[in-house]
Structure formats: structure tokens, C-alpha cells
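Data first, discussion second: the structure below is written as C-alpha cells.
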2 protein chains.
Amino acid sequence: MAPIIYVNDAHRHVGETVTLQGWLYNKRSGGKLHFLQLRDGAETIQCVMFKGDFDDATFTLADRLPIESSLRLTGEIREDKRSPLGVEMAVKQFEVVSPVTQEYPITLKEHGVEFLMDHRHLWIRSRRQHAILLVRHAVVKAIRDFFDERGFVLVDAPILTPNACEGTSTLFATDYFGVPAYLTQSGQLYMEPACQAFGKVYCFGPTFRAEKSKTRRHLTEFWMVEPEVAFMDLDGDMGLMEEFVEFIVQRVLQNRRKELELLERDLAKLECVKRPFPRISYDEAITRIKAAGHEVNWGDDFGGDEETVLANQFDRPVLVHHYPAEIKAFYMKKDPQNPLLALGCDLLAPEGYGEIIGGGQREDDLEQLTASIKKHELPMEAFEWYLDVRRYGSVPHAGFGLGVERTVAWLCGIKHVRETIPFPRLIGRLNP
Amino acid sequence: MAPIIYVNDAHRHVGETVTLQGWLYNKRSGGKLHFLQLRDGAETIQCVMFKGDFDDATFTLADRLPIESSLRLTGEIREDKRSPLGVEMAVKQFEVVSPVTQEYPITLKEHGVEFLMDHRHLWIRSRRQHAILLVRHAVVKAIRDFFDERGFVLVDAPILTPNACEGTSTLFATDYFGVPAYLTQSGQLYMEPACQAFGKVYCFGPTFRAEKSKTRRHLTEFWMVEPEVAFMDLDGDMGLMEEFVEFIVQRVLQNRRKELELLERDLAKLECVKRPFPRISYDEAITRIKAAGHEVNWGDDFGGDEETVLANQFDRPVLVHHYPAEIKAFYMKKDPQNPLLALGCDLLAPEGYGEIIGGGQREDDLEQLTASIKKHELPMEAFEWYLDVRRYGSVPHAGFGLGVERTVAWLCGIKHVRETIPFPRLIGRLNP
């Protein structure tokens with residue numbers, strides 16, 4: 001029996017007879033030769049069948065197989081300078097692992113998005129989707145490596161949470177043994193006490209928004225990483241955002257360049273994502289957006305259009321800080337110099353990808369926070385545990401949340417976030 | 001201004017004046033000296049205040065502060081051979097960051113579990129809980145490193161799923177824009193098509209069971225890692241389980257020895273967790289359990305008691321394979337030699353920690369799987385996409401799921417899984 005190897009190890013077996021297992025990605029025939037493209041999940045290799053080496057039935061079968069048939073091929077690995085892999089296989093034994101009885105539904109012709117999404121479990125085999133999800137994995141790994149290497153402790157936040165603190169309109173609810181529970185929108189409230197226990201923490205998991213907005217930037221289920229650091233202020237927070245985003249981009253460029261090239265990403269636009277990033281105040285942002293001919297008033301929150309106008313003025317991500325407190329969450333610390341402003345900061349990705357990070361310094365004063373909860377007419381009782389963060393050893397602290405799917409969309413240069421997660425969930429899309 | 005450093009860097013600053021920030025973990029006074037234990041989340045250091053260096057008010061205040069007050073201390077780092085850290089601080093400046101007005105609710109006296117769970121956001125500051133959660137982080141990192149280093153691709157499975165395939169009794173349901181959705185119990189059905197796209201995959205995220213069983217091994221929300229490999233059979237699957245569990249245990253021993261020692265874990269019992277693990281068939285397991293004086297019949301599933309009896313016969317984890325097909329899930333491949341048996345395998349941890357892995361080879365034949373779905377009276381329509389795995393390039397494939405919390409409980413040697421996750425969710429426990 002020939003040893004079974006993976007395609008990406010084939011170059012170490014030149015001159016040897018080995019077995020490869022995988023799926024028929026593509027094929028062409030030239031009379032006495034079949035050229036089979038075999039993919040095994042990691043790589044694709046050309047496997048050449050010469051008519052003289054097979055009986056007629058086998059040689060004919062090999063030409064008639066539908067694509068995505070599963071195969072086991074044994075033969076000699078030989079050098080092939082023309083192939084990107086550097087090697088090909090001269091097939092000596094041909095085995096169909098499982099016969100395919102129907103044509104593979106995804107063909108080279110154009111399919112509608114709904115059709116492809118209905119067949120997401122098959123679509124992920126195709127080259128572009130494969131590349132996007134490899135970039136996603138690299139982004140996730142870069143995120144975890146960044147925090148692990150810097151002494152942050154992973155503190156998983158719960159998914160099931162007891163309170164609909166900011167209204168139920170964008171929450172998924174469930175019956176939790178007779179009481180209502182809600183799927184988390186953010187782990188932040190849990191990271192704040194956690195940073196008092198561990199100093200520097202992060203959570204990283206799925207979060208949920210039952211938003212009815214059907215845009216190319218919204219999923220109902222998406223992954224978010226949320227670091228939180230004790231004794232860190234807004235300025236430190238902005239520094240951490242910068243360092244973090246630079247790290248992710250440069251790591252992905254390093255480890256997934258081939259995939260980015262396959263996706264025809266303009267790499268120069270990623271290569272310049274280096275610190276320092278421009279930092280502008282909300283006030284300056286308003287001035288810039290107005291100067292660009294857009295109507296916007298002080299106090300407005302930015303939508304996708306405003307974000308794009310602003311981000312297009314820079315060649316790298318831009319940090320926008322000191323938003324009006326009115327448009328930010330109740331837990332944001334107010335600027336001591338001007339209580340109309342919140343010590344919050346968003347990071348906008350270039351090229352129209354919009355906000356990928358939102359964060360800031362948290363209110364660490366018990367009285368201020370209590371007043372803010374009252375002002376927002378939130379149920380005080382639900383926040384008693386959260387107020388303990390300010391009762392027992394309160395410290396300045398800050399953090400942020402980065403959305404994985406928007407980051408992957410930006411890095412891959414694709415329009416819609418639905419392709420950046422293996423099995424996307426959107427309004428009207430819960431399958432497969 | 002003295003540089004601000006973390007406690008675990010203090011040994012690099014002997015003879016220097018630095019600032020430390022953190023919380024008062026403990027204190028004692030001896031007339032002219034206060035000994036403050038300052039913890040900053042990563043480490044604890046002794047900080048000595050000499051009466052002569054402070055005005056009376058400050059020196060008195062330092063003695064009266066409740067524990068967990070937040071402090072900023074500046075002083076000289078000096079060697080201290082008696083301290084586990086090797087250094088201490090001679091405090092010159094003492095600053096309370098935020099005054100604590102109430103006594104810290106968790107004291108050294110015995111608290112009931114419900115009280116501690118109600119104060120979980122504070123309880124995680126205490127030494128044991130801190131250590132357990134550091135072990136958890138190390139387990140999570142070991143899991144990801146294992147698969148990343150071996151070329152597995154991370155493919156996140158969805159949390160919101162459309163079908164209550166195996167009944168709704170243990171499922172959390174939610175209204176998904178007018179249609180029911182359920183919180184996932186396992187990502188396996190999604191990993192099967194994913195392994196056809198990527199060869200070797202894993203998902204790692206929260207999973208949910210609305211089980212009413214109130215045991216020390218059950219959470220309603222827990223984290224599970226699920227690898228799936230194309231062209232892998234039961235034997236390969238068992239090999240992967242062994243290699244994986246050995247890797248996790250040895251990595252944690254290497255990186256979190258101090259925490260395991262603090263938890264008074266018997267390290268010898270972990271050090272012997274080396275391959276090969278004993279492998280016994282279900283038949284042999286039945287014989288062994290009977291021989292140990294327990295009543296059990298062929299065809300019975302094992303409960304916690306049977307698992308403990310069995311596991312106690314070995315000094316390392318044991319693999320139990322070839323269970324009766326009747327007690328296993330519909331997707332398990334039947335043993336071609338004896339269709340009454342399923343090609344499944346569970347891994348039981350030693351010392352009564354029970355099943356931490358369940359897995360096996362999946363049915364890869366379209367007709368067999370269709371028949372099994374019918375036999376289990378499951379809705380065929382809901383499985384059409386899953387059947388595509390067998391329609392388009394079906395291959396032998398296998399995988400498993402490992403529960404993080406049970407693994408952490410075993411490694412830490414603690415009885416109840418509720419302490420192995422930052423914010424546990426159990427029946428009657430949805431707070432904080």
C-alpha cells in the first residue's frame with residue numbers, strides 16, 4: 001500500500017508513489033490524457049491519467065465523472081515547473097470513493113445569491129469562498145495571538161443574559177425555565193468586573209442583534225472580540241486599537257497573501273495600515289463631512305455614508321473620538337472638561353468599510369453612573385451587580401469591541417459581510 | 001513621575017522607584033509598619049509602609065481601608081528572598097484611587113454557594129476562582145493551538161439553527177423574525193460539509209442544552225470544540241482523541257503548574273496522561289462493570305456511576321468504542337461487521353470526571369442515512385442539505401466533541417463544573 005499523503009506535502013515525495021484522496025475540482029481531456037484537478041481541502045493538484053495505463057472502462061469513467069466526485073488516486077509525484085505547486089501526479093490507480101449520481105448543483109455559470117446561500121454547505125468548497133474563510137481563520141488567530149501574547153486573560157462572556165437592559169426591540173429572547181433570557185449583544189458589562197479580577201481581559205464569541213436593517217454590513221449573528229483593561233484611559237484605549245488593527249492586518253498579509261491575491265485584493269492598500277493612525281475629534285469629523293458637501297449637524301450620529309466620506313480622506317483607518325454623550329451608551333464616561341462629550345472612540349476602516357471598532361472609557365464613578373442609568377430610564381435593579389464594579393475598588397477602565405465579519409470583509413475587499421462567516425444568519429436567512 | 005509597571009515585571013526593577021496600581025488583597029499591621037498585599041490581576045506583591053514616611057492621616061487611612069480598595073502605590077522595588085515573587089515594594093507615596101464605602105461582601109468566612117454565585121462578578125477576584133479561570137484560558141489556548149498547528153481550519157458553526165431535529169425538549173427556542181429558531185446543541189452537522197471543503201476542520205463555541213438535570217456535570221451553556229476530518233475512520237478518530245487529550249493536559253501542566261498547585265491538584269495523576277490510552281469495547285466495558293458488582297445490561301447507556309466504575313480501573317483516560325447503535329445518534333455509522341453496533345467512541349476522564357469526549361465515524365452512505373432518519377422518525381426535509389454531504393463526493397469521515405468545562409473541572413480537580421466558566425448558567429441560575 002502506498003502511503004496516503006495530503007496534497008500540500010506532495011512536493012516532499014517527488015519520485016515516490018503515494019495515494020491522494022479528495023474531490024474532483026475540474027478536469028479536461030486531450031485524447032489519450034485526462035488532466036484531473038484533485039482538491040483535498042488544503043490544496044489542488046493536477047493528476048494526469050494516460051490511456052495506456054488503464055482499461056477502457058476506467059479511462060472512460062474518469063472522463064464522465066461529475067465534478068466534486070470523491071476520488072482516491074495512487075501514482076508517482078513528479079516535478080512540474082508550470083504548476084504553482086511545482087508537482088503533479090502521474091496516476092497509476094484510479095478509485096472512485098463514492099459515486100455521484102447527480103450533477104453538482106454549483107457550476108461555473110452565474111448563480112443568484114439566494115441559490116448560493118441555500119447551498120452554502122457546498123458553496124464553501126469553491127475557490128473564492130474557501131479563500132475568504134481561510135482569511136477569517138487567520139483573523140481569528142491573529143486576534144487571539146495578539147491578546148494572549150500581551151498577557152490578557154480570556155474571560156468568556158455568557159450568551160444567555162437576564163436583562164433586556166436597553167429595550168427588547170433588537171434582542172432575541174428565549175424562555176429560560178420559566179423566565180425570559182436574551183441572547184447577548186455584547187460581553188462588555190461582564191468584561192468590566194473581569195478586568196478588576198485579571199487586569200487585562202478579553203472575550204471573544206458570537207453576539208446577536210435582531211435588527212431589521214438589511215444592509216451589506218449587518219448580520220443577526222456575528223463574532224465580536226472585546227478587550228477591557230483596568231487603569232486604562234481613552235488615550236490608552238486608542239493606542240491599543242491602533243496596535244491591534246495593525247497587528248491583524250500585517251499578520252494576515254504575512255500568512256494569507258496567496259488567498260488575498262486570489263481574491264484580487266489590492267495589497268498596497270493593506271500594506272500601508274501602519275501606526276500611527278489619524279485621530280480626529282467628532283467636531284473635526286463634522287467639519288470635514290460638511291466640507292465634503294454633506295449635510296450633517298452637530299449631535300447627529302454617523303451613518304454608513306458619513307463614515308465613508310470621512311474614511312475616504314485617509315489611506316489608513318481613522319480614529320474618531322469625543323462623540324456627543326447624547327448619542328452614546330449610558331456607561332460611557334463623560335469628558336471632565338466638557339460633559340456634553342463622551343470619552344468614546346470608533347475606528348473606521350478605509351475604503352468604505354465603516355466602523356469596525358467601537359469603544360471608549362467607562363464611567364467609573366458610582367454616582368455619575370447611577371444618574372446616567374436613571375436618565376436613560378433603565379431598570380436600576382438589573383444593574384446592581386454592574387454597579388458593584390464602582391462600589392468595590394473602582395478604577396479608570398476602557399475597552400472596545402471589534403466585529404470579525406466587517407474586518408474580514410475589509411481585508412478581503414468584498415462588499416457584503418454574508419460571505420465572511422461560514423453559515424451566515426440574516427433577516428430571512430436561517431438556512432442551512 | 002515614576003513609571004507605571006505591572007507586578008509581574010517588578011523583579012526587573014529592583015532598586016528603581018516605580019508605581020503599581022491594583023487592589024488591596026489583604027493587609028496586616030505591626031505598629032510602625034503596614035504590610036499591604038496589592039494584586040493587579042496578574043500577580044500579588046507585598047508593599048510595606050513605614051510610619052515615618054507618611055503623615056498620620058495617611059498612615060491611619062491605610063490601616064482602615066476595606067479590602068479590594070483600589071490603590072496607586074509608588075515606591076522602591078527591593079529584593080525579598082522570603083516572598084514567592086522575590087521582591088517587595090517600600091512604599092513612598094500612597095494614593096487611594098477610589099474610596100470604598102462598604103465592606104467587601106466576600107470575606108474569609110465560609111459563604112454559601114448561592115451567595116458566591118450571586119456575587120460571581122466579585123468572586124472571580126478570589127485566589128481559587130482566579131486560578132481556575134487561568135487554567136480554563138490555558139485549556140482553550142491548547143485546544144486552538146493543537147488544531148491550528150495541525151492544519152485544521154476553523155469553521156465557526158452557527159448558534160441559531162432552523163430545526164429541532166431531535167425534539168424540542170432540550171432546546172432553547174427563539175422567535176427569528178416570525179419563524180422558530182433554536183440554540184445549537186452541537187456544530188457537528190455543519191462540520192461534516194465543512195470537512196469536504198477544507199479536509200480537516202473544527203468549530204469551537206458555546207452550545208446549549210435546556211436539560212432539567214441538576215448535576216455537577218451539567219451547564220445549560222457550555223463551550224465545546226468539535227473537529228471533523230474527511231477520510232478518517234473510527235480508528236483514526238480514536239488516535240486523534242488520544243493525541244489531543246494528551247496535548248491539552250501536558251500543555252496545561254507546562255503553563256499553569258503554579259495555578260494547579262494552588263488548587264492542590266495531585267499533579268502525578270495528570271503527568272501520567274500519556275498515550276496510548278486503554279481502548280475497550282462496549283462489550284468489555286459491560287463485563288468490567290458487572291465484574292465490579294454493578295447491575296448493567298447489554299444495551300444500557302452508561303450513567304455517571306457506570307462511567308466512574310469503569311474509569312477508576314485505569315490511571316489515564318479510557319476510550320470506549322463500538323456502542324450499541326440503538327443508544328447512539330442517527331448519524332453514526334454502523335459497524336459493517338455487526339450492524340447492531342455503532343462506530344462511536346467516548347473518552348472517559350479518570351477520577352470520576354466522566355465523559356469528556358463523544359464522537360465517532362459518521363454514516364457516509366446516502367441510503368443508510370436516509371433509512372436511519374426515517375427509522376428515528378425525523379423530518380427528512382430538514383436534512384436535505386445534510387444529505388448533500390452524501391450526494392456530492394461522500395467520503396468516510398469522523399470527528400468528536402470535547403466539552404471544555406468538564407475538561408477544566410478534571411484538570412483542576414474540582415467537583416462542580418459551575419466554577420469552570422466565568423459566568424455559569426444552570427437551572428435557576430441566569431445571574432449575574
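Here, A, B, ... name the chains of the C-alpha cells in the order displayed, residue numbers run from 1 inside each chain, and ligands are numbered from 1 in the same displayed order.
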
For Pro278 (chain B), list every protein, DNA or RNA residue within 8 Å, evaluated using only C-alpha atoms, and leave out those in the same chain fewer than 6 positions away; present the list as a PyMOL selection string.
-> chain B and resi 314+316-319

Helix (DSSP H, G or I) positions in region 231-324 of chain B, given as an MDAnalysis selection string = chainID B and resid 234:255 257:262 267:271 282:291 304:311

Which residues, written as a count of residues only, have at least one atom at most 6 Å from Val225 (chain B), with only C-alpha atoms counted and residues fewer than 2 positions away on the same chain left out?
-> 4

Excluding Glu243 (chain B) and residues on its chain fewer than 2 positions from it, collect all residues at most 12 Å away from it, counting only C-alpha atoms, and give them as a tab-separated table (two decimals) with C-alpha atoms, in the first residue's frame.
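What follows is the written file part20.tsv:
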chain	number	residue	atom	x	y	z
B	143	ILE	CA	-7.21	23.36	22.06
B	146	PHE	CA	-3.46	21.83	18.70
B	147	PHE	CA	-5.73	22.19	15.70
B	150	ARG	CA	-2.04	20.52	12.53
B	236	GLY	CA	-8.07	7.41	13.23
B	237	ASP	CA	-10.63	9.25	15.33
B	238	MET	CA	-9.54	7.43	18.49
B	239	GLY	CA	-5.92	8.24	17.69
B	240	LEU	CA	-6.82	11.91	17.32
B	241	MET	CA	-8.71	11.92	20.64
B	245	VAL	CA	-6.16	15.00	25.27
B	246	GLU	CA	-2.51	14.24	25.97
B	247	PHE	CA	-1.59	17.56	24.34
B	248	ILE	CA	-4.07	19.59	26.41
B	249	VAL	CA	-3.02	18.01	29.70
B	250	GLN	CA	0.71	18.34	29.09
B	273	VAL	CA	-1.82	11.15	30.99
B	274	LYS	CA	0.29	9.94	28.09
B	275	ARG	CA	-0.55	7.87	25.05
B	276	PRO	CA	-1.50	5.13	24.45
B	277	PHE	CA	-4.78	5.24	26.39
B	317	PRO	CA	-8.41	8.32	30.20

Can you work out the spacing between CA of Gly30 (chain B) and CA of Arg78 (chain B) in Å, to one decimal?
->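 Going from CA of Gly30 (chain B) over to CA of Arg78 (chain B) covers 19.7 Å.
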
If we count only C-alpha atoms, what is near Leu234 (chain B) at a cut-off of 7 Å, once residues fewer than 5 positions away on the same chain are taken out, given as a PDB file with all heavy atoms, in the first residue's frame?
ATOM      1  N   LEU B 343     -20.082   2.786  15.126  1.00  0.00           N
ATOM      2  CA  LEU B 343     -18.646   3.091  15.143  1.00  0.00           C
ATOM      3  C   LEU B 343     -18.397   4.378  15.939  1.00  0.00           C
ATOM      4  O   LEU B 343     -17.792   5.325  15.467  1.00  0.00           O
ATOM      5  CB  LEU B 343     -18.108   3.223  13.720  1.00  0.00           C
ATOM      6  CG  LEU B 343     -18.201   1.964  12.853  1.00  0.00           C
ATOM      7  CD1 LEU B 343     -17.639   2.222  11.453  1.00  0.00           C
ATOM      8  CD2 LEU B 343     -17.448   0.795  13.511  1.00  0.00           C
ATOM      9  N   GLY B 360     -17.146   9.747  16.840  1.00  0.00           N
ATOM     10  CA  GLY B 360     -17.166   8.532  16.062  1.00  0.00           C
ATOM     11  C   GLY B 360     -17.201   8.803  14.567  1.00  0.00           C
ATOM     12  O   GLY B 360     -17.124   9.958  14.134  1.00  0.00           O
ATOM     13  N   GLN B 361     -17.333   7.707  13.839  1.00  0.00           N
ATOM     14  CA  GLN B 361     -17.396   7.801  12.384  1.00  0.00           C
ATOM     15  C   GLN B 361     -18.846   8.031  11.980  1.00  0.00           C
ATOM     16  O   GLN B 361     -19.760   7.467  12.582  1.00  0.00           O
ATOM     17  CB  GLN B 361     -16.838   6.499  11.775  1.00  0.00           C
ATOM     18  CG  GLN B 361     -16.556   6.606  10.292  1.00  0.00           C
ATOM     19  CD  GLN B 361     -15.842   5.386   9.739  1.00  0.00           C
ATOM     20  OE1 GLN B 361     -15.183   4.646  10.481  1.00  0.00           O
ATOM     21  NE2 GLN B 361     -15.985   5.157   8.438  1.00  0.00           N
ATOM     22  N   ALA B 398     -15.023  11.336  10.197  1.00  0.00           N
ATOM     23  CA  ALA B 398     -15.240  11.125  11.630  1.00  0.00           C
ATOM     24  C   ALA B 398     -14.838  12.379  12.386  1.00  0.00           C
ATOM     25  O   ALA B 398     -14.147  13.241  11.852  1.00  0.00           O
ATOM     26  CB  ALA B 398     -14.411   9.928  12.113  1.00  0.00           C
TER      27      ALA B 398
END

Minimum-distance residue to Arg390 (chain A), chosen among B:Glu68, B:Glu16, B:Asp175, B:Glu351 (using only C-alpha atoms) = B:Glu68

Neighbour list for Met1 (chain B) as a ChimeraX atom specification, cut-off 12 Å, only C-alpha atoms, skip fewer than 5 positions in-chain = /B:17-19,74-75,93

Could you work out how far CA of Glu114 (chain A) lies from CA of His218 (chain A), giving the answer in Å with one decimal?
-> 16.5 Å

Among region 176-416 of chain A, which ones does DSSP place in strand (DSSP E), written as a PyMOL selection string?
-> chain A and resi 176+179-183+200-208+221-230+279-281+318-324+334-335+338-349+354-361+397-403

Using only C-alpha atoms, which residue out of A:Arg64, A:His111, A:Lys200, A:Arg120 lies closest to Ala42 (chain B)?
->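 Of all the options, A:Lys200 lies closest to Ala42 (chain B).
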
Fewer than 2 positions away in the same chain doesn't count, so skip those; otherwise give me all residues within 8 Å of Val404 (chain B), counting only C-alpha atoms, as an mmCIF file with C-alpha atoms, in the first residue's frame.
data_model
loop_
_atom_site.group_PDB
_atom_site.id
_atom_site.type_symbol
_atom_site.label_atom_id
_atom_site.label_comp_id
_atom_site.auth_asym_id
_atom_site.auth_seq_id
_atom_site.Cartn_x
_atom_site.Cartn_y
_atom_site.Cartn_z
ATOM 1 C CA ARG B 136 -9.546 27.471 31.556
ATOM 2 C CA VAL B 139 -7.133 24.790 28.045
ATOM 3 C CA VAL B 140 -8.810 26.944 25.384
ATOM 4 C CA PHE B 222 -21.079 25.401 27.784
ATOM 5 C CA TRP B 223 -18.218 25.546 25.302
ATOM 6 C CA MET B 224 -17.460 22.658 23.002
ATOM 7 C CA VAL B 225 -14.759 22.083 20.399
ATOM 8 C CA LEU B 402 -14.898 17.779 23.715
ATOM 9 C CA ARG B 406 -15.683 19.098 32.199
ATOM 10 C CA THR B 407 -12.087 19.095 30.995
ATOM 11 C CA VAL B 408 -11.255 22.106 33.162
#

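Nearest to chain A of all the residues B:Gly304, B:Gly178, B:Gly86, B:Gly359 is B:Gly178, based on only C-alpha atoms.
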
Go through B:Asp55, B:Glu271, B:Glu367, B:Glu192 and flag the residue nearest chain A, using only C-alpha atoms for the distances.
-> B:Glu192

Pick out the closest residue to chain A from this set: B:Lys333, B:Arg418, B:His119, B:Arg265. Count only C-alpha atoms.
->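 Checking each candidate against chain A, we get B:His119 as the closest.
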